[in-house]
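Trainee: For reference, this is data18.cif, and it has mmCIF, C-alpha atoms.
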data_work
loop_
_atom_site.group_PDB
_atom_site.id
_atom_site.type_symbol
_atom_site.label_atom_id
_atom_site.label_comp_id
_atom_site.auth_asym_id
_atom_site.auth_seq_id
_atom_site.Cartn_x
_atom_site.Cartn_y
_atom_site.Cartn_z
ATOM 1 C CA MET A 1 96.209 63.187 90.280
ATOM 2 C CA PRO A 2 97.592 65.243 87.392
ATOM 3 C CA ASP A 3 100.682 64.183 85.526
ATOM 4 C CA ALA A 4 103.733 65.818 87.146
ATOM 5 C CA ASP A 5 105.171 66.499 83.673
ATOM 6 C CA SER A 6 102.094 68.418 82.514
ATOM 7 C CA PRO A 7 102.584 72.162 82.117
ATOM 8 C CA LEU A 8 100.624 74.533 84.306
ATOM 9 C CA VAL A 9 98.149 76.383 82.091
ATOM 10 C CA ILE A 10 96.637 79.672 83.248
ATOM 11 C CA ARG A 11 93.611 80.966 81.393
ATOM 12 C CA ARG A 12 90.645 83.234 81.887
ATOM 13 C CA ALA A 13 87.805 81.500 83.696
ATOM 14 C CA THR A 14 84.284 81.402 82.317
ATOM 15 C CA ASP A 15 80.963 80.889 84.049
ATOM 16 C CA ALA A 16 81.183 77.234 83.006
ATOM 17 C CA ASP A 17 84.327 76.883 85.153
ATOM 18 C CA TRP A 18 82.592 77.762 88.413
ATOM 19 C CA PRO A 19 81.834 74.109 89.347
ATOM 20 C CA ALA A 20 85.598 73.418 89.239
ATOM 21 C CA LEU A 21 86.445 76.621 91.152
ATOM 22 C CA TRP A 22 83.827 76.302 93.886
ATOM 23 C CA PRO A 23 85.550 73.432 95.772
ATOM 24 C CA ILE A 24 88.761 75.491 95.922
ATOM 25 C CA VAL A 25 86.962 78.618 97.088
ATOM 26 C CA ALA A 26 84.929 76.664 99.657
ATOM 27 C CA ALA A 27 88.019 74.901 101.015
ATOM 28 C CA VAL A 28 90.066 78.093 101.322
ATOM 29 C CA LEU A 29 87.222 79.955 103.027
ATOM 30 C CA ALA A 30 86.660 76.999 105.378
ATOM 31 C CA GLY A 31 90.145 77.530 106.787
ATOM 32 C CA GLY A 32 89.115 80.880 108.267
ATOM 33 C CA ASP A 33 92.713 82.065 108.121
ATOM 34 C CA THR A 34 93.180 84.060 104.898
ATOM 35 C CA TYR A 35 89.918 85.615 103.625
ATOM 36 C CA ALA A 36 87.426 87.833 105.407
ATOM 37 C CA LEU A 37 84.472 85.872 104.006
ATOM 38 C CA ALA A 38 83.250 83.550 106.731
ATOM 39 C CA PRO A 39 83.774 79.798 106.612
ATOM 40 C CA GLY A 40 80.567 78.294 105.296
ATOM 41 C CA THR A 41 79.794 81.276 103.047
ATOM 42 C CA PRO A 42 76.905 80.168 100.798
ATOM 43 C CA GLU A 43 77.897 79.287 97.248
ATOM 44 C CA PRO A 44 75.958 82.138 95.550
ATOM 45 C CA GLU A 45 77.675 84.713 97.785
ATOM 46 C CA ALA A 46 81.092 83.147 97.203
ATOM 47 C CA ARG A 47 80.500 83.059 93.459
ATOM 48 C CA ALA A 48 79.582 86.753 93.388
ATOM 49 C CA PHE A 49 82.712 87.532 95.422
ATOM 50 C CA TRP A 50 84.987 85.554 93.078
ATOM 51 C CA MET A 51 83.331 85.939 89.665
ATOM 52 C CA GLY A 52 80.945 88.877 89.993
ATOM 53 C CA PRO A 53 80.756 92.106 88.011
ATOM 54 C CA GLY A 54 83.989 94.056 87.772
ATOM 55 C CA LEU A 55 86.161 90.962 88.227
ATOM 56 C CA THR A 56 88.341 89.134 85.758
ATOM 57 C CA THR A 57 88.893 85.627 87.073
ATOM 58 C CA TYR A 58 91.632 83.239 85.977
ATOM 59 C CA LEU A 59 92.300 79.609 86.735
ATOM 60 C CA ALA A 60 95.344 77.362 86.664
ATOM 61 C CA GLU A 61 95.068 73.828 85.301
ATOM 62 C CA LEU A 62 97.570 71.055 85.729
ATOM 63 C CA GLY A 63 96.899 67.937 83.697
ATOM 64 C CA GLY A 64 93.285 68.998 83.248
ATOM 65 C CA GLU A 65 92.697 69.564 86.990
ATOM 66 C CA VAL A 66 91.963 73.068 88.265
ATOM 67 C CA VAL A 67 94.595 73.694 90.964
ATOM 68 C CA GLY A 68 94.376 77.439 91.531
ATOM 69 C CA THR A 69 92.639 80.677 90.706
ATOM 70 C CA TYR A 70 92.867 84.410 91.046
ATOM 71 C CA ALA A 71 90.423 87.266 90.634
ATOM 72 C CA LEU A 72 91.555 90.683 89.411
ATOM 73 C CA ARG A 73 89.720 93.983 89.820
ATOM 74 C CA ALA A 74 90.318 97.679 90.186
ATOM 75 C CA ASN A 75 91.219 98.407 93.792
ATOM 76 C CA GLN A 76 88.947 101.470 93.802
ATOM 77 C CA PRO A 77 86.489 102.934 91.290
ATOM 78 C CA GLY A 78 86.978 106.109 89.290
ATOM 79 C CA LEU A 79 90.118 108.033 90.160
ATOM 80 C CA GLY A 80 91.635 104.987 91.899
ATOM 81 C CA ALA A 81 90.921 102.528 89.092
ATOM 82 C CA HIS A 82 94.537 102.593 87.853
ATOM 83 C CA VAL A 83 95.562 100.400 90.822
ATOM 84 C CA ALA A 84 94.727 96.708 90.555
ATOM 85 C CA ASN A 85 93.716 94.415 93.375
ATOM 86 C CA ALA A 86 93.701 90.641 93.267
ATOM 87 C CA GLY A 87 92.956 87.622 95.413
ATOM 88 C CA TYR A 88 94.506 84.185 94.968
ATOM 89 C CA MET A 89 93.568 80.662 95.985
ATOM 90 C CA VAL A 90 95.409 77.370 95.549
ATOM 91 C CA ARG A 91 93.693 74.007 95.839
ATOM 92 C CA PRO A 92 94.554 72.400 99.190
ATOM 93 C CA GLY A 93 97.260 69.807 98.666
ATOM 94 C CA HIS A 94 98.956 71.886 95.952
ATOM 95 C CA ALA A 95 100.649 74.468 98.181
ATOM 96 C CA GLY A 96 104.401 74.698 97.779
ATOM 97 C CA ARG A 97 104.349 73.467 94.178
ATOM 98 C CA GLY A 98 104.691 76.831 92.448
ATOM 99 C CA VAL A 99 101.004 77.341 91.640
ATOM 100 C CA GLY A 100 100.714 80.503 93.739
ATOM 101 C CA THR A 101 103.935 81.897 92.281
ATOM 102 C CA ALA A 102 102.713 81.225 88.734
ATOM 103 C CA LEU A 103 99.362 82.889 89.464
ATOM 104 C CA GLY A 104 101.083 85.882 91.054
ATOM 105 C CA GLU A 105 103.479 86.299 88.140
ATOM 106 C CA HIS A 106 100.606 85.966 85.660
ATOM 107 C CA SER A 107 98.612 88.656 87.445
ATOM 108 C CA LEU A 108 101.455 91.148 87.147
ATOM 109 C CA ALA A 109 100.576 91.416 83.459
ATOM 110 C CA ALA A 110 97.733 93.644 84.696
ATOM 111 C CA ARG A 111 99.880 96.524 83.420
ATOM 112 C CA ALA A 112 98.729 95.559 79.922
ATOM 113 C CA ALA A 113 95.142 96.177 81.079
ATOM 114 C CA GLY A 114 96.039 99.751 82.064
ATOM 115 C CA TYR A 115 96.911 99.268 85.728
ATOM 116 C CA ARG A 116 99.970 101.132 87.046
ATOM 117 C CA ALA A 117 100.260 99.324 90.375
ATOM 118 C CA MET A 118 98.814 96.472 92.395
ATOM 119 C CA GLN A 119 97.695 96.675 96.001
ATOM 120 C CA PHE A 120 96.574 93.973 98.399
ATOM 121 C CA ASN A 121 94.338 95.480 101.066
ATOM 122 C CA ALA A 122 94.341 92.715 103.646
ATOM 123 C CA VAL A 123 97.170 90.188 103.689
ATOM 124 C CA VAL A 124 96.731 88.397 107.006
ATOM 125 C CA SER A 125 99.905 88.874 109.033
ATOM 126 C CA THR A 126 100.018 85.218 110.053
ATOM 127 C CA ASN A 127 100.003 84.071 106.414
ATOM 128 C CA ALA A 128 103.797 83.826 106.199
ATOM 129 C CA ARG A 129 103.751 81.867 102.940
ATOM 130 C CA ALA A 130 101.745 84.581 101.143
ATOM 131 C CA ILE A 131 103.822 87.429 102.586
ATOM 132 C CA ALA A 132 107.044 85.728 101.476
ATOM 133 C CA LEU A 133 105.624 85.147 97.979
ATOM 134 C CA TRP A 134 104.493 88.747 97.545
ATOM 135 C CA GLU A 135 107.832 90.059 98.785
ATOM 136 C CA ARG A 136 109.639 87.792 96.288
ATOM 137 C CA LEU A 137 107.459 89.296 93.561
ATOM 138 C CA GLY A 138 108.404 92.837 94.556
ATOM 139 C CA PHE A 139 105.589 93.845 96.894
ATOM 140 C CA ALA A 140 106.269 95.755 100.092
ATOM 141 C CA VAL A 141 104.213 96.177 103.240
ATOM 142 C CA VAL A 142 103.102 99.807 103.151
ATOM 143 C CA GLY A 143 100.832 99.660 106.169
ATOM 144 C CA THR A 144 99.503 97.423 108.898
ATOM 145 C CA VAL A 145 96.021 97.501 110.383
ATOM 146 C CA PRO A 146 96.108 96.192 113.963
ATOM 147 C CA GLY A 147 93.642 93.427 114.824
ATOM 148 C CA ALA A 148 91.693 93.836 111.577
ATOM 149 C CA PHE A 149 91.225 90.103 110.921
ATOM 150 C CA ARG A 150 89.440 87.603 113.160
ATOM 151 C CA HIS A 151 91.503 84.473 112.551
ATOM 152 C CA ARG A 152 89.542 81.285 113.136
ATOM 153 C CA GLU A 153 92.191 79.852 115.504
ATOM 154 C CA LEU A 154 94.338 82.791 116.635
ATOM 155 C CA GLY A 155 91.713 85.443 117.266
ATOM 156 C CA TYR A 156 92.374 89.033 116.245
ATOM 157 C CA VAL A 157 95.507 89.443 114.125
ATOM 158 C CA ASP A 158 96.894 92.256 111.986
ATOM 159 C CA VAL A 159 96.521 92.645 108.244
ATOM 160 C CA HIS A 160 99.133 94.141 105.967
ATOM 161 C CA ILE A 161 98.518 96.407 103.018
ATOM 162 C CA MET A 162 101.015 95.402 100.322
ATOM 163 C CA HIS A 163 101.838 97.327 97.153
ATOM 164 C CA ARG A 164 104.070 97.365 94.095
ATOM 165 C CA PHE A 165 104.249 99.359 90.905
ATOM 166 C CA LEU A 166 103.756 97.360 87.714
#
Using the file provided, produce a representation of the structure as structure tokens.
Mentor:
Amino acid sequence: MPDADSPLVIRRATDADWPALWPIVAAVLAGGDTYALAPGTPEPEARAFWMGPGLTTYLAELGGEVVGTYALRANQPGLGAHVANAGYMVRPGHAGRGVGTALGEHSLAARAAGYRAMQFNAVVSTNARAIALWERLGFAVVGTVPGAFRHRELGYVDVHIMHRFL
């Protein structure tokens, strides 16, 4: 367990960090309640999704332990590339400790990379913790897609499209 007094350090991930990121990605996907990738997604497919071309991936370390990650990309190519998109994952057992907030705040620096806004295309409507976080960070629900996510336990639930200018 990391030292509670250690600072949270967020840095760009490298290929060498994948072995530390994979358990987080696998655990979050296994829940079947926040990402469209299926539980049990093979590691090579998950790695391409999280660290593939066009992505800039970051990780959060606490006392030398990787406790969270996010991946940043353009939401659309070409004429839509000025809007960022990102996905976030926190190591199970570390929720509610500020890791997600720190990752979200860090990602808002995407403006320095030329992005004018950030958009989340599929925030699962039952993910109250994520919705509350994004609203605290200035995002608003700009649309809802009915039944667009097949939740592992709840069946078909809505997804929200959330947006904010940077």
Trainee: Identify all residues satisfying the PyMOL selection byres ((chain A and resi 19-22) around 12) in the given file; provide them as JSON, numbers by chain.
Mentor: {"A": [13, 14, 15, 16, 17, 18, 23, 24, 25, 26, 27, 28, 29, 30, 41, 42, 43, 44, 45, 46, 47, 48, 49, 50, 51, 57, 58, 59, 60, 61, 64, 65, 66, 67, 68, 69, 70, 71, 88, 89, 90, 91]}
Trainee: Selected residues, C-alpha atoms, written as a PDB file, keeping the file's coordinate frame, please.
Mentor:
ATOM      1  CA  ALA A  13      87.805  81.500  83.696  1.00  0.00           C
ATOM      2  CA  THR A  14      84.284  81.402  82.317  1.00  0.00           C
ATOM      3  CA  ASP A  15      80.963  80.889  84.049  1.00  0.00           C
ATOM      4  CA  ALA A  16      81.183  77.234  83.006  1.00  0.00           C
ATOM      5  CA  ASP A  17      84.327  76.883  85.153  1.00  0.00           C
ATOM      6  CA  TRP A  18      82.592  77.762  88.413  1.00  0.00           C
ATOM      7  CA  PRO A  23      85.550  73.432  95.772  1.00  0.00           C
ATOM      8  CA  ILE A  24      88.761  75.491  95.922  1.00  0.00           C
ATOM      9  CA  VAL A  25      86.962  78.618  97.088  1.00  0.00           C
ATOM     10  CA  ALA A  26      84.929  76.664  99.657  1.00  0.00           C
ATOM     11  CA  ALA A  27      88.019  74.901 101.015  1.00  0.00           C
ATOM     12  CA  VAL A  28      90.066  78.093 101.322  1.00  0.00           C
ATOM     13  CA  LEU A  29      87.222  79.955 103.027  1.00  0.00           C
ATOM     14  CA  ALA A  30      86.660  76.999 105.378  1.00  0.00           C
ATOM     15  CA  THR A  41      79.794  81.276 103.047  1.00  0.00           C
ATOM     16  CA  PRO A  42      76.905  80.168 100.798  1.00  0.00           C
ATOM     17  CA  GLU A  43      77.897  79.287  97.248  1.00  0.00           C
ATOM     18  CA  PRO A  44      75.958  82.138  95.550  1.00  0.00           C
ATOM     19  CA  GLU A  45      77.675  84.713  97.785  1.00  0.00           C
ATOM     20  CA  ALA A  46      81.092  83.147  97.203  1.00  0.00           C
ATOM     21  CA  ARG A  47      80.500  83.059  93.459  1.00  0.00           C
ATOM     22  CA  ALA A  48      79.582  86.753  93.388  1.00  0.00           C
ATOM     23  CA  PHE A  49      82.712  87.532  95.422  1.00  0.00           C
ATOM     24  CA  TRP A  50      84.987  85.554  93.078  1.00  0.00           C
ATOM     25  CA  MET A  51      83.331  85.939  89.665  1.00  0.00           C
ATOM     26  CA  THR A  57      88.893  85.627  87.073  1.00  0.00           C
ATOM     27  CA  TYR A  58      91.632  83.239  85.977  1.00  0.00           C
ATOM     28  CA  LEU A  59      92.300  79.609  86.735  1.00  0.00           C
ATOM     29  CA  ALA A  60      95.344  77.362  86.664  1.00  0.00           C
ATOM     30  CA  GLU A  61      95.068  73.828  85.301  1.00  0.00           C
ATOM     31  CA  GLY A  64      93.285  68.998  83.248  1.00  0.00           C
ATOM     32  CA  GLU A  65      92.697  69.564  86.990  1.00  0.00           C
ATOM     33  CA  VAL A  66      91.963  73.068  88.265  1.00  0.00           C
ATOM     34  CA  VAL A  67      94.595  73.694  90.964  1.00  0.00           C
ATOM     35  CA  GLY A  68      94.376  77.439  91.531  1.00  0.00           C
ATOM     36  CA  THR A  69      92.639  80.677  90.706  1.00  0.00           C
ATOM     37  CA  TYR A  70      92.867  84.410  91.046  1.00  0.00           C
ATOM     38  CA  ALA A  71      90.423  87.266  90.634  1.00  0.00           C
ATOM     39  CA  TYR A  88      94.506  84.185  94.968  1.00  0.00           C
ATOM     40  CA  MET A  89      93.568  80.662  95.985  1.00  0.00           C
ATOM     41  CA  VAL A  90      95.409  77.370  95.549  1.00  0.00           C
ATOM     42  CA  ARG A  91      93.693  74.007  95.839  1.00  0.00           C
TER      43      ARG A  91
END
Trainee: If you apply the PyMOL selection byres ((chain A and resi 123-131) around 10) to this file, what residues do you get, as a PyMOL selection string?
Mentor: chain A and resi 33-36+87-88+95-96+100-101+120-122+132-137+139-141+144-151+154+157-162
Trainee: CA of Asn85 (chain A) and CA of Gln119 (chain A) are how many Å apart?
Mentor: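 CA of Asn85 (chain A) sits 5.3 Å away from CA of Gln119 (chain A).
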Trainee: Quick check, in Å to one decimal: how far apart do CA of Arg116 (chain A) and CA of Gly104 (chain A) lie?
Mentor: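 Going from CA of Arg116 (chain A) over to CA of Gly104 (chain A), I get 15.8 Å.
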Trainee: On this structure, the PyMOL selection byres ((chain A and resi 83) around 12) would catch which residues? List them as a PyMOL selection string, sorted by chain and number.
Mentor: chain A and resi 72-82+84-86+108+110-111+113-121+163-166
Trainee: Which residue gives the smallest distance to Ala102 (chain A) among A:Leu62, A:Val142, A:Leu37, A:Glu153, with all atoms listed in the file counted?
Mentor: A:Leu62
Trainee: Taking all listed atoms of region 31-49 of chain A, build the axis-aligned box, pad each of the six sides by 4 Å, then write its centre and edge lengths in Å to one decimal as lines of an AutoDock Vina configuration file.
Mentor:
center_x = 84.6
center_y = 82.7
center_z = 100.8
size_x = 25.2
size_y = 18.3
size_z = 22.9
Trainee: Report, in Å to a single decimal, how far apart CA of Gly155 (chain A) and CA of Gly93 (chain A) are.
Mentor: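 That distance, rounded to one decimal, is 24.9 Å.
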Trainee: Region 42-57 of chain A from the block above, N, CA and C atoms, as a short mmCIF file (atom, residue, chain, number, x, y, z; two decimals), in the first residue's frame, please?
Mentor:
data_model
loop_
_atom_site.label_atom_id
_atom_site.label_comp_id
_atom_site.auth_asym_id
_atom_site.auth_seq_id
_atom_site.Cartn_x
_atom_site.Cartn_y
_atom_site.Cartn_z
N PRO A 42 -9.35 -9.24 -24.78
CA PRO A 42 -7.96 -9.71 -24.78
C PRO A 42 -6.99 -8.55 -24.59
N GLU A 43 -5.89 -8.82 -23.94
CA GLU A 43 -4.90 -7.79 -23.63
C GLU A 43 -4.44 -7.02 -24.86
N PRO A 44 -4.10 -7.66 -25.99
CA PRO A 44 -3.65 -6.86 -27.14
C PRO A 44 -4.70 -5.86 -27.62
N GLU A 45 -5.97 -6.25 -27.60
CA GLU A 45 -7.04 -5.35 -28.02
C GLU A 45 -7.20 -4.20 -27.02
N ALA A 46 -7.12 -4.51 -25.74
CA ALA A 46 -7.22 -3.48 -24.71
C ALA A 46 -6.04 -2.52 -24.80
N ARG A 47 -4.87 -3.04 -25.06
CA ARG A 47 -3.69 -2.18 -25.17
C ARG A 47 -3.83 -1.22 -26.34
N ALA A 48 -4.29 -1.71 -27.48
CA ALA A 48 -4.49 -0.85 -28.65
C ALA A 48 -5.53 0.22 -28.36
N PHE A 49 -6.58 -0.13 -27.62
CA PHE A 49 -7.62 0.81 -27.25
C PHE A 49 -7.08 1.91 -26.33
N TRP A 50 -6.19 1.55 -25.41
CA TRP A 50 -5.72 2.49 -24.40
C TRP A 50 -4.42 3.19 -24.74
N MET A 51 -3.58 2.55 -25.58
CA MET A 51 -2.26 3.13 -25.86
C MET A 51 -1.92 3.13 -27.35
N GLY A 52 -2.91 2.94 -28.20
CA GLY A 52 -2.66 2.83 -29.63
C GLY A 52 -2.35 4.16 -30.30
N PRO A 53 -2.19 4.13 -31.61
CA PRO A 53 -1.89 5.33 -32.38
C PRO A 53 -2.96 6.40 -32.17
N GLY A 54 -2.52 7.65 -32.11
CA GLY A 54 -3.43 8.76 -31.94
C GLY A 54 -3.81 9.06 -30.50
N LEU A 55 -3.30 8.27 -29.57
CA LEU A 55 -3.60 8.45 -28.15
C LEU A 55 -2.38 8.99 -27.40
N THR A 56 -2.63 9.81 -26.43
CA THR A 56 -1.60 10.20 -25.47
C THR A 56 -2.10 9.71 -24.12
N THR A 57 -1.38 8.77 -23.55
CA THR A 57 -1.82 8.13 -22.32
C THR A 57 -1.00 8.63 -21.14
#
